[in-house]
$ cat upload-v1.txt   # compact mmCIF, C-alpha atoms
# COMPACT_ATOMS: atom_id res chain seq x y z
CA MET A 1 26.47 81.11 159.93
CA ILE A 2 26.70 84.85 159.33
CA LYS A 3 29.88 85.05 161.42
CA LYS A 4 31.48 82.32 159.34
CA ILE A 5 30.64 84.18 156.14
CA ILE A 6 32.12 87.39 157.53
CA PHE A 7 35.27 85.58 158.65
CA LEU A 8 35.77 83.96 155.24
CA LEU A 9 35.23 87.22 153.37
CA VAL A 10 37.60 89.19 155.61
CA ALA A 11 40.22 86.42 155.43
CA SER A 12 39.97 86.33 151.64
CA PHE A 13 40.36 90.10 151.45
CA LEU A 14 43.41 90.10 153.70
CA LEU A 15 45.09 87.18 151.94
CA GLY A 16 44.46 88.76 148.54
CA SER A 17 46.04 91.99 149.75
CA CYS A 18 49.19 90.36 151.09
CA ALA A 19 52.49 90.53 149.25
CA ASN A 20 55.63 88.47 149.71
CA LYS A 21 59.31 89.25 149.22
CA ARG A 22 59.30 87.91 145.68
CA ASP A 23 56.85 90.65 144.72
CA ILE A 24 58.68 93.54 146.38
CA LEU A 25 62.48 93.07 146.39
CA TYR A 26 64.59 94.41 143.53
CA TYR A 27 67.26 92.33 141.74
CA GLN A 28 66.70 89.22 143.81
CA ASP A 29 69.30 87.08 142.03
CA VAL A 30 72.27 89.38 142.70
CA VAL A 31 75.31 87.48 143.94
CA GLU A 32 76.81 89.17 146.98
CA ASN A 33 80.27 90.73 146.44
CA SER A 34 80.15 89.95 142.71
CA GLN A 35 81.69 92.43 140.27
CA ASN A 36 80.66 93.33 136.74
CA GLN A 37 82.30 95.62 134.23
CA VAL A 38 80.23 98.76 133.70
CA GLN A 39 79.52 99.59 130.07
CA TYR A 40 78.59 103.19 129.40
CA LEU A 41 76.41 103.70 126.33
CA PRO A 42 76.48 107.37 125.26
CA ASN A 43 73.18 108.78 124.07
CA LYS A 44 72.91 109.74 120.43
CA VAL A 45 71.42 113.08 119.43
CA GLN A 46 67.89 112.88 118.01
CA VAL A 47 65.52 115.20 116.18
CA ASN A 48 64.06 117.92 118.47
CA ASP A 49 66.98 117.72 120.88
CA ILE A 50 68.34 121.08 121.97
CA LEU A 51 72.11 121.45 122.12
CA TYR A 52 74.20 123.91 124.08
CA ILE A 53 77.48 124.54 122.27
CA LYS A 54 80.34 126.67 123.53
CA VAL A 55 83.63 127.27 121.73
CA VAL A 56 86.68 128.50 123.66
CA SER A 57 90.23 129.36 122.60
CA ILE A 58 93.36 131.07 123.84
CA VAL A 59 92.26 133.98 121.65
CA PRO A 60 88.77 134.88 122.99
CA GLU A 61 88.00 137.29 120.14
CA SER A 62 88.33 134.51 117.56
CA VAL A 63 85.46 132.46 119.02
CA GLU A 64 82.94 135.27 119.55
CA PRO A 65 81.12 134.62 116.22
CA PHE A 66 80.55 130.99 117.24
CA ASN A 67 79.06 131.56 120.70
CA ILE A 68 75.55 132.65 121.63
CA GLN A 69 75.56 135.69 123.90
CA LEU A 70 73.52 134.82 126.99
CA GLY A 71 73.89 138.16 128.77
CA SER A 72 76.19 139.41 131.48
CA SER A 73 74.59 137.51 134.37
CA ASN A 74 76.51 134.52 135.69
CA ALA A 75 73.28 132.68 136.51
CA VAL A 76 71.59 131.58 133.30
CA SER A 77 68.22 129.88 133.61
CA PRO A 78 67.66 126.50 131.93
CA SER A 79 64.67 127.93 130.04
CA LEU A 80 66.86 130.65 128.52
CA LEU A 81 69.44 128.08 127.49
CA LYS A 82 66.74 126.06 125.74
CA LEU A 83 65.38 129.11 123.93
CA GLN A 84 68.82 130.08 122.66
CA GLY A 85 70.19 126.58 122.14
CA TYR A 86 70.52 124.76 118.83
CA LEU A 87 67.41 122.80 117.87
CA VAL A 88 68.03 119.62 115.90
CA LEU A 89 65.84 119.92 112.81
CA GLU A 90 63.93 117.17 111.06
CA ASP A 91 66.78 116.64 108.62
CA GLY A 92 69.10 115.98 111.57
CA THR A 93 71.10 119.21 111.31
CA ILE A 94 71.67 122.36 113.34
CA ALA A 95 72.27 125.81 111.90
CA PHE A 96 75.63 126.80 113.38
CA PRO A 97 77.04 130.33 112.99
CA VAL A 98 79.51 130.77 110.10
CA LEU A 99 79.91 127.00 109.60
CA GLY A 100 76.35 126.58 108.33
CA ASN A 101 74.28 123.40 108.67
CA ILE A 102 76.01 120.58 110.55
CA LYS A 103 74.73 117.01 110.67
CA VAL A 104 74.35 115.95 114.32
CA LYS A 105 71.56 113.36 114.40
CA GLY A 106 72.83 109.93 115.39
CA PHE A 107 76.10 111.27 116.83
CA SER A 108 77.20 111.47 120.46
CA VAL A 109 78.14 114.81 122.01
CA VAL A 110 81.82 113.82 121.88
CA GLU A 111 81.56 113.11 118.15
CA ILE A 112 79.86 116.47 117.58
CA GLN A 113 82.59 118.24 119.56
CA ASP A 114 85.23 116.61 117.36
CA THR A 115 83.34 117.52 114.17
CA ILE A 116 82.99 121.20 115.04
CA SER A 117 86.60 121.43 116.25
CA LYS A 118 87.83 119.94 112.97
CA LEU A 119 85.71 122.32 110.88
CA LEU A 120 87.01 125.34 112.79
CA LEU A 121 90.60 124.19 112.35
CA ASP A 122 90.37 123.13 108.72
CA ARG A 123 88.74 126.40 107.66
CA GLY A 124 91.21 128.46 109.67
CA TYR A 125 88.65 130.22 111.85
CA VAL A 126 90.05 129.30 115.28
CA LYS A 127 93.44 128.10 116.42
CA ASP A 128 93.40 125.26 118.98
CA PRO A 129 89.63 125.38 119.68
CA THR A 130 87.94 123.56 122.53
CA VAL A 131 84.29 122.74 121.93
CA ASN A 132 81.80 121.74 124.64
CA VAL A 133 78.44 120.22 123.63
CA ARG A 134 75.56 119.24 125.91
CA ILE A 135 72.01 118.02 125.38
CA ILE A 136 69.97 120.39 127.55
CA ASN A 137 66.39 119.14 127.15
CA SER A 138 66.83 115.56 128.36
CA LYS A 139 63.76 114.28 130.19
CA VAL A 140 62.04 111.06 131.17
CA THR A 141 58.38 110.47 132.06
CA ILE A 142 57.47 108.01 134.83
CA LEU A 143 53.86 106.94 135.33
CA GLY A 144 51.88 104.41 137.32
CA GLU A 145 52.75 102.91 140.70
CA VAL A 146 55.54 105.25 141.77
CA ASN A 147 55.40 107.66 144.67
CA SER A 148 55.77 110.81 142.56
CA PRO A 149 54.77 110.24 138.93
CA GLY A 150 55.65 112.94 136.44
CA THR A 151 58.18 114.18 133.90
CA TYR A 152 61.73 114.70 135.16
CA ASN A 153 64.53 116.63 133.51
CA PHE A 154 68.10 115.49 133.96
CA GLU A 155 71.32 117.36 133.29
CA GLU A 156 73.60 114.34 133.20
CA GLN A 157 74.30 112.98 129.75
CA THR A 158 73.56 109.46 130.97
CA ILE A 159 71.39 108.23 133.87
CA SER A 160 70.34 104.72 134.77
CA LEU A 161 66.85 103.30 135.06
CA ASN A 162 67.38 103.10 138.83
CA GLN A 163 68.22 106.80 139.01
CA ALA A 164 65.17 107.72 136.93
CA ILE A 165 62.83 105.70 139.14
CA GLY A 166 64.56 107.12 142.21
CA ASN A 167 63.69 110.64 141.02
CA ALA A 168 60.05 109.56 141.11
CA GLY A 169 60.38 108.37 144.71
CA GLY A 170 60.68 104.67 143.84
CA LEU A 171 57.97 102.11 143.24
CA THR A 172 55.07 101.83 145.66
CA MET A 173 54.37 98.54 147.42
CA ASN A 174 51.66 97.96 144.80
CA GLY A 175 53.97 98.35 141.81
CA VAL A 176 54.68 95.18 139.82
CA ARG A 177 58.47 94.81 139.70
CA LYS A 178 58.29 92.11 137.04
CA ASP A 179 56.20 94.12 134.59
CA VAL A 180 57.65 97.60 134.02
CA LEU A 181 56.89 98.97 130.55
CA LEU A 182 59.53 101.07 128.80
CA ILE A 183 58.44 103.08 125.76
CA ARG A 184 61.32 104.40 123.65
CA GLU A 185 61.47 106.36 120.40
CA VAL A 186 64.64 106.25 118.33
CA ASP A 187 64.94 107.45 114.71
CA GLY A 188 61.18 107.67 114.36
CA VAL A 189 60.60 104.12 115.59
CA ARG A 190 58.66 103.50 118.81
CA THR A 191 59.43 100.32 120.77
CA PHE A 192 57.66 98.77 123.75
CA THR A 193 59.75 96.67 126.13
CA ARG A 194 58.78 94.80 129.30
CA LEU A 195 61.40 94.92 132.05
CA ASP A 196 61.80 92.73 135.13
CA LEU A 197 63.30 94.69 138.03
CA THR A 198 63.74 91.53 140.08
CA LYS A 199 66.43 90.17 137.69
CA SER A 200 70.00 91.47 137.75
CA ASP A 201 70.62 90.82 134.03
CA LEU A 202 68.99 94.21 133.48
CA PHE A 203 72.31 95.82 134.48
CA ASN A 204 74.06 94.47 131.38
CA GLY A 205 71.19 94.99 128.95
CA PRO A 206 70.47 97.84 126.52
CA TYR A 207 67.71 99.27 128.73
CA TYR A 208 69.62 99.86 131.95
CA TYR A 209 70.49 103.39 130.83
CA VAL A 210 67.62 105.76 130.16
CA LYS A 211 67.48 107.69 126.90
CA PRO A 212 65.94 111.15 126.56
CA ASN A 213 62.14 111.09 126.12
CA ASP A 214 61.77 107.56 127.49
CA VAL A 215 58.44 106.77 129.14
CA ILE A 216 58.44 104.32 132.08
CA ILE A 217 55.13 102.84 133.21
CA VAL A 218 54.89 100.78 136.41
CA ASN A 219 51.80 98.57 136.37
CA PRO A 220 49.69 98.00 139.52
CA ASN A 221 49.36 94.58 141.13
CA GLY A 222 46.11 92.65 141.55
CA PRO A 223 45.11 93.98 145.00
CA ARG A 224 45.71 97.56 143.83
CA ILE A 225 43.44 97.03 140.83
CA LEU A 226 40.75 95.49 143.03
CA THR A 227 40.81 98.49 145.38
CA ALA A 228 40.93 101.06 142.59
CA GLY A 229 37.14 101.45 142.61
CA TYR A 230 34.88 102.10 145.55
CA ILE A 231 36.71 99.81 147.98
CA THR A 232 39.74 101.99 148.59
CA ASN A 233 40.70 100.65 152.01
CA PHE A 234 39.87 98.00 154.58
CA GLY A 235 37.44 100.30 156.41
CA SER A 236 35.45 100.83 153.23
CA PHE A 237 35.40 97.10 152.65
CA ILE A 238 33.96 96.46 156.13
CA GLY A 239 31.38 99.19 155.63
CA ILE A 240 30.15 97.74 152.36
CA LEU A 241 30.18 94.23 153.85
CA SER A 242 28.09 95.37 156.84
CA PHE A 243 25.62 97.09 154.55
CA GLY A 244 25.28 93.95 152.43
CA ILE A 245 24.69 91.72 155.46
CA GLY A 246 22.14 94.14 156.91
CA LEU A 247 20.28 94.29 153.61
CA PHE A 248 20.35 90.48 153.40
CA LEU A 249 18.87 90.08 156.90
CA LEU A 250 16.23 92.72 156.19
CA LEU A 251 15.07 90.98 153.04
CA LYS A 252 15.10 87.59 154.75
CA ARG A 253 12.48 88.63 157.30
$ encode --input "upload-v1.txt" --output "structure tokens"
Amino acid sequence: MIKKIIFLLVASFLLGSCANKRDILYYQDVVENSQNQVQYLPNKVQVNDILYIKVVSIVPESVEPFNIQLGSSNAVSPSLLKLQGYLVLEDGTIAFPVLGNIKVKGFSVVEIQDTISKLLLDRGYVKDPTVNVRIINSKVTILGEVNSPGTYNFEEQTISLNQAIGNAGGLTMNGVRKDVLLIREVDGVRTFTRLDLTKSDLFNGPYYYVKPNDVIIVNPNGPRILTAGYITNFGSFIGILSFGIGLFLLLKR
């Protein structure tokens, strides 16, 4: 009788811990050799973003008042760039040398480049200017059932959800692919969206590309929740089971 009880308990534990392909594979409905047009969605500048702005011209002396001097070293640390970059204020502007306050919130980096170039030309400060703008404090936070949870900075102006999760080492075997929570703040509004990484329609949706300050949370599956307490592995389970059976037999005498 005791052996049957042990067998049933062990079998139940093992079956409850098993996972099938439907729980693990990504984008299971992808059609092989299919092609889809990629749509790039540029990120818009938000409050508290830090911008790096560099103005160049065929006459170097004419752009000196518009560029931050970062020192003579060719290697400039990211932390120094952030300290000397242009912080987007609560009113959505940056304080740019000579030109004054410039509205940047809600604009892409290309649109900001065009705006500054036009101001420099129209006011006669620089002839044929070239303006480069970058967001230099872009980051995404990934928590839960990934191999390396944490906050990750990215230099690219646009990265995908797959790239962000890849930076965190990918989902663990216990991560629920069908229930990934994305927390996003845009224009002071926080949204919570559930994503299904087993469906390929994510590629064409508004959440395939990560925005700065996104938070991605991968929820644990049932077996992972069950083993989150004292029973952390199969050996622990057997130990507790043996103790329970021994106690039962002792009390039965």
$ atom_distance --input "upload-v1.txt" --atom1 "CA of Ile216 (chain A)" --atom2 "CA of Ser148 (chain A)"
12.6 Å
$ closest_residue --input "upload-v1.txt" --among "A:Pro42, A:Pro129, A:Pro60, A:Gly85" --to "Phe107 (chain A)" --atoms "all atoms listed in the file"
A:Pro42
$ atom_distance --input "upload-v1.txt" --atom1 "CA of Gln28 (chain A)" --atom2 "CA of Ser160 (chain A)"
18.3 Å
$ atom_distance --input "upload-v1.txt" --atom1 "CA of Arg123 (chain A)" --atom2 "CA of Ser62 (chain A)"
12.8 Å
$ closest_residue --input "upload-v1.txt" --among "A:Ala164, A:Ile159, A:Val218, A:Leu121" --to "Lys178 (chain A)" --atoms "all atoms listed in the file"
A:Val218
$ closest_residue --input "upload-v1.txt" --among "A:Val59, A:Lys44, A:Ile53, A:Lys82" --to "Asp128 (chain A)" --atoms "all atoms listed in the file"
A:Val59
$ residues_around --input "upload-v1.txt" --residues "Ile102 (chain A)" --least-positions-apart "4" --cutoff "10 Å" --atoms "only C-alpha atoms" --output "ChimeraX atom specification"
/A:88,92-96,112,115-116,119
$ residues_around --input "upload-v1.txt" --residues "Thr193 (chain A)" --least-positions-apart "2" --cutoff "9 Å" --atoms "only C-alpha atoms" --output "MDAnalysis selection string"
chainID A and resid 180:184 191 195 207
$ closest_residue --input "upload-v1.txt" --among "A:Thr151, A:Ser57, A:Asn101, A:Asn167" --to "Val126 (chain A)" --atoms "only C-alpha atoms"
A:Ser57
$ closest_residue --input "upload-v1.txt" --among "A:Asn219, A:Asn67, A:Asn204, A:Asn48" --to "Asn174 (chain A)" --atoms "all atoms listed in the file"
A:Asn219
$ closest_residue --input "upload-v1.txt" --among "A:Gly188, A:Gly205, A:Gly144, A:Pro149" --to "Lys105 (chain A)" --atoms "all atoms listed in the file"
A:Gly188
$ residues_around --input "upload-v1.txt" --residues "Asp201 (chain A)" --least-positions-apart "2" --cutoff "12 Å" --atoms "all atoms listed in the file" --output "PyMOL selection string"
chain A and resi 26-31+36+195-199+203-208
$ write_last_selection --input "upload-v1.txt" --atoms "C-alpha atoms" --output "PDB file, in the coordinates of the input"
ATOM      1  CA  TYR A  26      64.590  94.410 143.530  1.00  0.00           C
ATOM      2  CA  TYR A  27      67.260  92.330 141.740  1.00  0.00           C
ATOM      3  CA  GLN A  28      66.700  89.220 143.810  1.00  0.00           C
ATOM      4  CA  ASP A  29      69.300  87.080 142.030  1.00  0.00           C
ATOM      5  CA  VAL A  30      72.270  89.380 142.700  1.00  0.00           C
ATOM      6  CA  VAL A  31      75.310  87.480 143.940  1.00  0.00           C
ATOM      7  CA  ASN A  36      80.660  93.330 136.740  1.00  0.00           C
ATOM      8  CA  LEU A 195      61.400  94.920 132.050  1.00  0.00           C
ATOM      9  CA  ASP A 196      61.800  92.730 135.130  1.00  0.00           C
ATOM     10  CA  LEU A 197      63.300  94.690 138.030  1.00  0.00           C
ATOM     11  CA  THR A 198      63.740  91.530 140.080  1.00  0.00           C
ATOM     12  CA  LYS A 199      66.430  90.170 137.690  1.00  0.00           C
ATOM     13  CA  PHE A 203      72.310  95.820 134.480  1.00  0.00           C
ATOM     14  CA  ASN A 204      74.060  94.470 131.380  1.00  0.00           C
ATOM     15  CA  GLY A 205      71.190  94.990 128.950  1.00  0.00           C
ATOM     16  CA  PRO A 206      70.470  97.840 126.520  1.00  0.00           C
ATOM     17  CA  TYR A 207      67.710  99.270 128.730  1.00  0.00           C
ATOM     18  CA  TYR A 208      69.620  99.860 131.950  1.00  0.00           C
TER      19      TYR A 208
END
